[in-house]
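Visitor: Take a look at start34.cif, mmCIF, C-alpha atoms:
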data_target
loop_
_atom_site.label_atom_id
_atom_site.label_comp_id
_atom_site.auth_asym_id
_atom_site.auth_seq_id
_atom_site.Cartn_x
_atom_site.Cartn_y
_atom_site.Cartn_z
CA MET A 1129 135.06 91.31 91.97
CA SER A 1130 138.05 89.02 91.86
CA THR A 1131 139.85 88.69 95.13
CA GLU A 1132 143.23 88.33 93.44
CA THR A 1133 145.23 90.59 91.21
CA PRO A 1134 145.92 88.72 87.98
CA THR A 1135 149.52 87.84 87.21
CA GLU A 1136 148.86 87.99 83.50
CA THR A 1137 146.08 89.13 81.20
CA LEU A 1138 145.09 87.48 77.95
CA ASP A 1139 143.05 89.59 75.57
CA VAL A 1140 140.92 87.47 73.22
CA LYS A 1141 138.37 90.15 72.46
CA GLY A 1142 136.99 89.79 68.95
CA GLN A 1143 137.84 86.11 68.75
CA ASN A 1144 135.30 83.37 68.58
CA CYS A 1145 135.07 79.68 69.45
CA PRO A 1146 137.41 77.79 69.82
CA MET A 1147 140.06 80.50 70.10
CA PRO A 1148 139.32 81.79 73.64
CA VAL A 1149 139.81 78.33 75.16
CA VAL A 1150 142.73 77.38 72.92
CA LYS A 1151 144.59 80.62 73.68
CA THR A 1152 143.73 80.37 77.38
CA LYS A 1153 145.43 76.99 77.47
CA GLY A 1154 148.51 78.46 75.75
CA ALA A 1155 148.77 81.39 78.18
CA PHE A 1156 148.02 79.17 81.18
CA ASP A 1157 150.90 76.84 80.28
CA GLY A 1158 153.32 79.75 80.62
CA LEU A 1159 151.92 80.85 83.97
CA ALA A 1160 153.94 80.25 87.14
CA PRO A 1161 152.29 78.10 89.84
CA GLY A 1162 150.17 80.24 92.15
CA GLY A 1163 149.65 82.82 89.44
CA THR A 1164 146.26 83.96 88.18
CA LEU A 1165 145.42 84.44 84.54
CA GLU A 1166 142.80 86.98 83.54
CA VAL A 1167 141.11 86.23 80.22
CA VAL A 1168 139.09 89.00 78.59
CA ALA A 1169 136.75 87.82 75.85
CA THR A 1170 133.80 89.12 73.84
CA ASP A 1171 132.57 85.62 72.94
CA SER A 1172 129.59 84.88 75.19
CA GLY A 1173 130.24 81.15 74.73
CA SER A 1174 133.51 81.61 76.59
CA MET A 1175 131.57 81.62 79.88
CA SER A 1176 130.66 77.97 79.50
CA ASP A 1177 133.73 76.94 77.48
CA ILE A 1178 136.35 78.29 79.88
CA LYS A 1179 134.46 76.88 82.85
CA GLY A 1180 134.43 73.46 81.17
CA TRP A 1181 138.10 73.73 80.33
CA ALA A 1182 139.06 74.72 83.89
CA ASP A 1183 136.90 71.91 85.35
CA SER A 1184 138.77 69.27 83.41
CA THR A 1185 142.25 70.76 83.75
CA ASP A 1186 143.98 69.46 86.88
CA ASP A 1187 145.97 72.53 87.87
CA ALA A 1188 143.40 75.14 86.84
CA GLU A 1189 141.01 76.63 89.34
CA LEU A 1190 138.35 78.99 88.05
CA VAL A 1191 138.30 81.69 90.70
CA ASP A 1192 135.76 84.00 89.15
CA GLN A 1193 133.83 84.88 86.01
CA GLN A 1194 132.32 88.29 85.37
CA GLU A 1195 130.19 89.91 82.74
CA ASP A 1196 131.04 93.52 82.09
CA THR A 1197 130.50 96.24 79.51
CA GLU A 1198 133.35 98.02 77.75
CA ASP A 1199 132.63 100.75 75.19
CA GLY A 1200 129.05 99.53 74.93
CA GLU A 1201 130.13 95.97 74.18
CA ALA A 1202 129.68 92.99 76.49
CA VAL A 1203 132.96 91.54 77.76
CA TYR A 1204 133.43 88.34 79.70
CA LYS A 1205 136.26 88.16 82.22
CA HIS A 1206 137.62 84.93 83.58
CA TYR A 1207 140.10 84.48 86.41
CA ILE A 1208 141.96 81.19 86.50
CA ARG A 1209 144.50 80.29 89.15
CA LYS A 1210 147.30 77.80 88.61
CA THR A 1211 147.25 75.61 91.68
CA GLU A 1212 150.49 73.67 91.20
CA MET B 21 125.70 20.64 98.01
CA SER B 22 129.20 19.22 97.95
CA THR B 23 132.55 20.98 97.81
CA ASP B 24 136.04 19.59 97.31
CA THR B 25 137.36 21.11 100.49
CA GLN B 26 135.35 20.75 103.63
CA PRO B 27 134.64 23.94 105.49
CA THR B 28 135.75 24.09 109.08
CA PRO B 29 132.96 23.26 111.51
CA ASP B 30 132.13 26.92 112.23
CA GLY B 31 131.73 27.67 108.47
CA ALA B 32 134.97 29.73 108.17
CA PRO B 33 137.24 28.93 105.19
CA SER B 34 140.03 26.44 105.76
CA ALA B 35 143.61 27.65 106.02
CA GLU B 36 144.28 26.54 102.42
CA GLU B 37 141.23 28.33 101.08
CA PHE B 38 142.14 31.44 103.01
CA GLU B 39 145.66 31.42 101.61
CA ALA B 40 144.40 30.89 98.04
CA LEU B 41 141.95 33.77 98.40
CA GLN B 42 144.60 36.01 99.88
CA SER B 43 147.02 35.37 97.04
CA ARG B 44 144.24 35.94 94.48
CA ILE B 45 143.45 39.27 96.13
CA ASP B 46 147.15 40.23 95.97
CA GLU B 47 147.23 39.27 92.30
CA LEU B 48 144.15 41.36 91.49
CA GLU B 49 145.48 44.33 93.45
CA ASP B 50 148.71 44.23 91.43
CA GLU B 51 146.75 44.07 88.20
CA LEU B 52 144.55 46.99 89.24
CA ALA B 53 147.61 49.06 90.15
CA ALA B 54 149.13 48.33 86.74
CA VAL B 55 145.91 49.32 84.95
CA ARG B 56 145.63 52.48 87.05
CA SER B 57 149.17 53.56 86.29
CA ASP B 58 148.62 52.96 82.57
CA VAL B 59 145.53 55.13 82.65
CA ASP B 60 147.19 57.88 84.68
CA ASP B 61 150.42 57.99 82.69
CA ASP B 62 149.07 58.16 79.19
CA PRO B 63 147.39 61.37 78.14
CA GLN B 64 143.98 60.82 76.62
CA LYS B 65 143.88 60.61 72.89
CA MET B 66 141.54 61.66 70.09
CA VAL B 67 141.70 60.67 66.43
CA ILE B 68 139.66 62.42 63.76
CA ILE B 69 139.39 61.17 60.19
CA ALA B 70 138.75 64.22 57.98
CA THR B 71 137.28 63.28 54.61
CA LYS B 72 135.60 66.49 53.42
CA GLY B 73 137.18 69.49 51.75
CA THR B 74 134.41 72.06 51.61
CA LEU B 75 134.67 75.29 53.56
CA ASP B 76 131.89 74.36 55.99
CA MET B 77 133.18 70.84 56.62
CA ALA B 78 136.76 71.97 57.25
CA TYR B 79 135.67 73.61 60.50
CA PRO B 80 134.39 70.73 62.67
CA PRO B 81 137.63 68.68 62.64
CA LEU B 82 139.83 71.75 63.13
CA ILE B 83 137.74 73.23 65.94
CA LEU B 84 137.51 69.92 67.77
CA ALA B 85 141.21 69.17 67.26
CA SER B 86 142.40 72.49 68.68
CA THR B 87 139.89 72.30 71.53
CA ALA B 88 140.84 68.75 72.50
CA ALA B 89 144.52 69.76 72.45
CA ALA B 90 143.66 72.59 74.86
CA PHE B 91 142.08 69.95 77.11
CA GLY B 92 145.42 68.13 77.17
CA TYR B 93 144.54 65.42 74.64
CA ASP B 94 146.99 63.97 72.17
CA VAL B 95 145.26 64.68 68.88
CA THR B 96 145.81 63.19 65.45
CA VAL B 97 143.80 64.28 62.42
CA PHE B 98 144.09 61.88 59.51
CA HIS B 99 143.10 63.57 56.24
CA THR B 100 141.95 61.48 53.35
CA PHE B 101 140.20 62.10 50.02
CA TRP B 102 138.88 65.69 49.94
CA GLY B 103 140.04 66.20 53.49
CA LEU B 104 143.51 66.66 51.99
CA GLU B 105 142.44 70.06 50.63
CA ILE B 106 142.37 71.40 54.20
CA LEU B 107 146.09 70.64 54.59
CA HIS B 108 147.01 71.89 51.12
CA GLU B 109 149.08 75.02 51.59
CA GLU B 110 147.46 76.91 48.71
CA LYS B 111 143.99 75.42 48.69
CA ALA B 112 143.40 75.80 52.44
CA ASP B 113 142.72 79.52 51.96
CA ASP B 114 140.42 78.86 49.07
CA LEU B 115 138.02 76.12 50.15
CA LYS B 116 134.64 76.29 48.48
CA LEU B 117 131.10 75.92 49.65
CA SER B 118 128.76 73.93 47.43
CA SER B 119 125.59 75.80 46.53
CA VAL B 120 123.70 72.61 45.64
CA GLY B 121 122.76 69.59 47.70
CA ASN B 122 122.27 71.56 50.89
CA PRO B 123 118.60 72.34 51.64
CA ASN B 124 119.69 75.02 54.13
CA MET B 125 121.16 77.15 51.36
CA PRO B 126 119.32 80.41 50.65
CA VAL B 127 119.14 79.54 46.94
CA PRO B 128 117.14 76.69 45.39
CA ASN B 129 119.16 73.87 43.83
CA VAL B 130 118.24 74.85 40.27
CA VAL B 131 119.65 78.33 40.87
CA GLY B 132 122.61 76.94 42.81
CA ALA B 133 123.53 74.78 39.84
CA LEU B 134 124.07 77.83 37.61
CA PRO B 135 127.69 78.57 36.66
CA GLY B 136 129.51 80.67 39.23
CA MET B 137 127.00 80.05 42.05
CA ASP B 138 129.51 78.12 44.16
CA ARG B 139 131.70 81.21 44.10
CA VAL B 140 128.80 83.40 45.20
CA THR B 141 127.80 81.18 48.13
CA THR B 142 131.45 80.74 49.13
CA ARG B 143 131.91 84.54 49.23
CA MET B 144 128.76 84.84 51.35
CA MET B 145 130.05 82.24 53.78
CA GLU B 146 133.49 83.85 53.95
CA LYS B 147 131.85 87.17 54.74
CA GLN B 148 129.74 85.55 57.48
CA ILE B 149 132.88 83.98 58.94
CA ALA B 150 134.71 87.32 58.95
CA ASP B 151 131.70 89.27 60.30
CA ASN B 152 131.26 86.78 63.14
CA GLU B 153 134.95 86.89 64.04
CA VAL B 154 135.35 83.19 63.41
CA ALA B 155 138.94 82.11 62.76
CA THR B 156 139.95 81.26 59.21
CA VAL B 157 140.86 77.69 58.24
CA ARG B 158 144.55 78.70 58.08
CA GLU B 159 144.41 80.27 61.55
CA LEU B 160 142.86 77.11 62.97
CA ILE B 161 145.48 74.90 61.32
CA GLU B 162 148.34 77.06 62.59
CA THR B 163 146.84 77.24 66.09
CA SER B 164 146.32 73.48 66.14
CA ILE B 165 149.92 72.86 65.07
CA ASP B 166 151.11 75.21 67.83
CA GLN B 167 149.05 73.15 70.29
CA GLY B 168 150.74 69.96 69.20
CA VAL B 169 147.99 68.52 66.99
CA GLU B 170 149.42 66.06 64.51
CA PHE B 171 148.07 66.36 60.99
CA GLN B 172 148.51 63.37 58.74
CA ALA B 173 147.87 63.16 55.00
CA CYS B 174 146.84 59.77 53.67
CA GLN B 175 149.48 58.64 51.18
CA MET B 176 147.13 56.60 49.02
CA THR B 177 144.86 59.58 48.36
CA ILE B 178 147.85 61.93 47.86
CA ASP B 179 148.85 59.64 44.99
CA LEU B 180 145.28 59.11 43.83
CA MET B 181 144.56 62.83 43.60
CA ASP B 182 147.95 63.49 42.11
CA TYR B 183 149.24 65.73 44.87
CA ASP B 184 152.86 66.13 45.83
CA GLU B 185 154.03 65.74 49.42
CA ASP B 186 155.42 69.29 49.27
CA ASP B 187 151.94 70.67 48.56
CA PHE B 188 150.99 70.44 52.22
CA PHE B 189 151.88 72.51 55.26
CA ASP B 190 155.42 71.71 56.46
CA GLU B 191 154.26 70.07 59.69
CA VAL B 192 151.96 67.60 57.93
CA GLU B 193 153.08 64.00 58.14
CA THR B 194 152.84 62.11 54.86
CA GLY B 195 153.58 58.49 54.04
CA VAL B 196 150.87 57.18 56.35
CA GLY B 197 148.08 54.80 55.50
CA ALA B 198 144.93 53.20 56.85
CA ALA B 199 146.88 50.81 59.06
CA SER B 200 148.57 53.56 61.04
CA ALA B 201 145.31 55.49 61.25
CA PHE B 202 143.55 52.37 62.50
CA GLN B 203 146.26 51.66 65.04
CA GLU B 204 145.92 55.20 66.40
CA MET B 205 142.14 54.78 66.55
CA VAL B 206 142.50 51.58 68.55
CA GLU B 207 144.57 53.44 71.14
CA ALA B 208 142.33 56.51 71.19
CA ASP B 209 139.61 57.43 73.67
CA ILE B 210 137.64 59.32 71.03
CA GLN B 211 137.43 58.47 67.33
CA LEU B 212 135.49 60.59 64.87
CA LEU B 213 134.84 60.43 61.16
CA VAL B 214 134.06 63.83 59.67
#
Could you render the structure from this file as structure tokens?
Guide:
Amino acid sequence: MSTETPTETLDVKGQNCPMPVVKTKGAFDGLAPGGTLEVVATDSGSMSDIKGWADSTDDAELVDQQEDTEDGEAVYKHYIRKTE
Amino acid sequence: MSTDTQPTPDGAPSAEEFEALQSRIDELEDELAAVRSDVDDDPQKMVIIATKGTLDMAYPPLILASTAAAFGYDVTVFHTFWGLEILHEEKADDLKLSSVGNPNMPVPNVVGALPGMDRVTTRMMEKQIADNEVATVRELIETSIDQGVEFQACQMTIDLMDYDEDDFFDEVETGVGAASAFQEMVEADIQLLV
């Protein structure tokens, strides 16, 4: 479980590559430093894509990634903290 | 072995040699600092040349462009020949898939060549795209524009294919040619021809 309460949540359920990453970037830009963005996706590729994006984005720290089930459907949750 | 300047008896460089080396080191350090600051200041850049206008081939440049923009890259997509169709405000929603010439198609070429087959395979592909929750071409273009991707339409092919500059999405830059595309490619970290 994530240790931090997210500041904002981005729902990209039902959207496929490249939208989860592209929209994460958009939401992350509007996040205040120190804040944590929760991204909820149904695209299984988002696990690797968002990790890759966070790894190469200077002020993004991937705090946690979880696989969950909602209404019988797999959901992937990502928690990204803005470090500066 | 002979040298112009004689080393001091203990093998250490002479005062002149030492000074020359020191000033060369200073020079190189300055150069390195300049190179470093250039690299740090400029965002990385990607240029894609989009030449195809079929439904399947519209996706790779648009997906890569929007993704690279999300990674903080400056992205330019230069559309030429059939790639212009992707930027065409009316045609972008109506790109076709060819039912011949692709061995991965579920229909043999002789069947694919029958009248109306392109429409059938295009419908199938559109349904697959919708069923798999893949964004439409228009959605990808709009998202890319929101992310700061610059779309350019090659002027020579606009004229060649008898298009009008107003046919394209408002944000598309027209009046550009191979020279400006080439110049952008020279400056780019990644260059792709699709």
Visitor: Given all atoms listed in the file as the basis, pick out the residue of A:Ala1160, A:Ile1208, A:Ala1202, A:Met1147 nearest to Ala155 in chain B.
Guide: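 Using all atoms listed in the file, Ala155 in chain B sits closest to A:Met1147.
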Visitor: Check the smallest atom-to-atom distance from each of B:Asp50, B:Asp209, B:Glu159, B:Asp76 to Ala88 in chain B using only C-alpha atoms, then report the winner.
Guide: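 Counting only C-alpha atoms, the residue closest to Ala88 in chain B is B:Asp209.
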Visitor: Quick one: residues within 12 Å of range 175-187 of chain B, only C-alpha atoms counted, chain neighbours fewer than 4 positions away excluded, as an mmCIF file with C-alpha atoms, in the frame of the given file?
Guide:
data_model
loop_
_atom_site.group_PDB
_atom_site.id
_atom_site.type_symbol
_atom_site.label_atom_id
_atom_site.label_comp_id
_atom_site.auth_asym_id
_atom_site.auth_seq_id
_atom_site.Cartn_x
_atom_site.Cartn_y
_atom_site.Cartn_z
ATOM 1 C CA THR B 71 137.280 63.280 54.610
ATOM 2 C CA PHE B 98 144.090 61.880 59.510
ATOM 3 C CA HIS B 99 143.100 63.570 56.240
ATOM 4 C CA THR B 100 141.950 61.480 53.350
ATOM 5 C CA PHE B 101 140.200 62.100 50.020
ATOM 6 C CA TRP B 102 138.880 65.690 49.940
ATOM 7 C CA GLY B 103 140.040 66.200 53.490
ATOM 8 C CA LEU B 104 143.510 66.660 51.990
ATOM 9 C CA GLU B 105 142.440 70.060 50.630
ATOM 10 C CA ILE B 106 142.370 71.400 54.200
ATOM 11 C CA LEU B 107 146.090 70.640 54.590
ATOM 12 C CA HIS B 108 147.010 71.890 51.120
ATOM 13 C CA GLU B 109 149.080 75.020 51.590
ATOM 14 C CA GLU B 110 147.460 76.910 48.710
ATOM 15 C CA LYS B 111 143.990 75.420 48.690
ATOM 16 C CA ALA B 112 143.400 75.800 52.440
ATOM 17 C CA GLU B 191 154.260 70.070 59.690
ATOM 18 C CA VAL B 192 151.960 67.600 57.930
ATOM 19 C CA GLU B 193 153.080 64.000 58.140
ATOM 20 C CA THR B 194 152.840 62.110 54.860
ATOM 21 C CA GLY B 195 153.580 58.490 54.040
ATOM 22 C CA VAL B 196 150.870 57.180 56.350
ATOM 23 C CA GLY B 197 148.080 54.800 55.500
ATOM 24 C CA ALA B 198 144.930 53.200 56.850
ATOM 25 C CA ALA B 199 146.880 50.810 59.060
ATOM 26 C CA SER B 200 148.570 53.560 61.040
ATOM 27 C CA ALA B 201 145.310 55.490 61.250
#
Visitor: Pull out every residue of chain A that has at least one atom within 8 Å of chain B, counting all atoms listed in the file, and report them as a list in words.
Guide: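 Taking all atoms listed in the file into account, Gly1142, Gln1143, Asn1144, Cys1145, Pro1146, Met1147, Val1149, Val1150, Lys1153, Gly1154, Trp1181, Ser1184 and Thr1185 of chain A sit within 8 Å of chain B.
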Visitor: Report, in Å with one decimal, the straight-line distance from CA of Lys1205 in chain A to CA of Pro1148 in chain A.
Guide: 11.1 Å
Visitor: Mind giving me the straight-line distance from CA of Tyr79 in chain B to CA of Thr1170 in chain A in Å, one decimal?
Guide: 20.5 Å
Visitor: Please measure the separation of CA of Pro1134 in chain A and CA of Glu1201 in chain A, giving the value in Å to one decimal.
Guide: 22.2 Å
Visitor: Just so the selection is clear, what residues does the PyMOL selection byres ((chain A and resi 1169) around 7) cover here, as a VMD selection string?
Guide: chain A and resid 1139 to 1141 1148 1167 to 1168 1170 to 1171 1203 to 1205
Visitor: Residues near Glu1136 in chain A, anyone? I mean within 7 Å using only C-alpha atoms, not counting same-chain ones fewer than 2 positions away, as a ChimeraX atom specification.
Guide: /A:1134,1138,1164-1166
Visitor: Exactly which residues make up the result of the PyMOL selection byres ((chain A and resi 1175) around 9) on this file, given as a PyMOL selection string?
Guide: chain A and resi 1171-1174+1176-1180+1193-1195+1204-1206
Visitor: Evaluating the PyMOL selection byres ((chain B and resi 146) around 12) on the displayed file yields which residues, as a ChimeraX atom specification?
Guide: /B:75-76,113-117,139-145,147-157
Visitor: Using all atoms of range 126-134 of chain B listed in the file and a margin of 6 Å per side, can you give the axis-aligned box centre and edge lengths in Å to one decimal, as AutoDock Vina command-line options?
Guide:
--center_x 120.6 --center_y 77.1 --center_z 44.1 --size_x 18.9 --size_y 18.5 --size_z 25.0
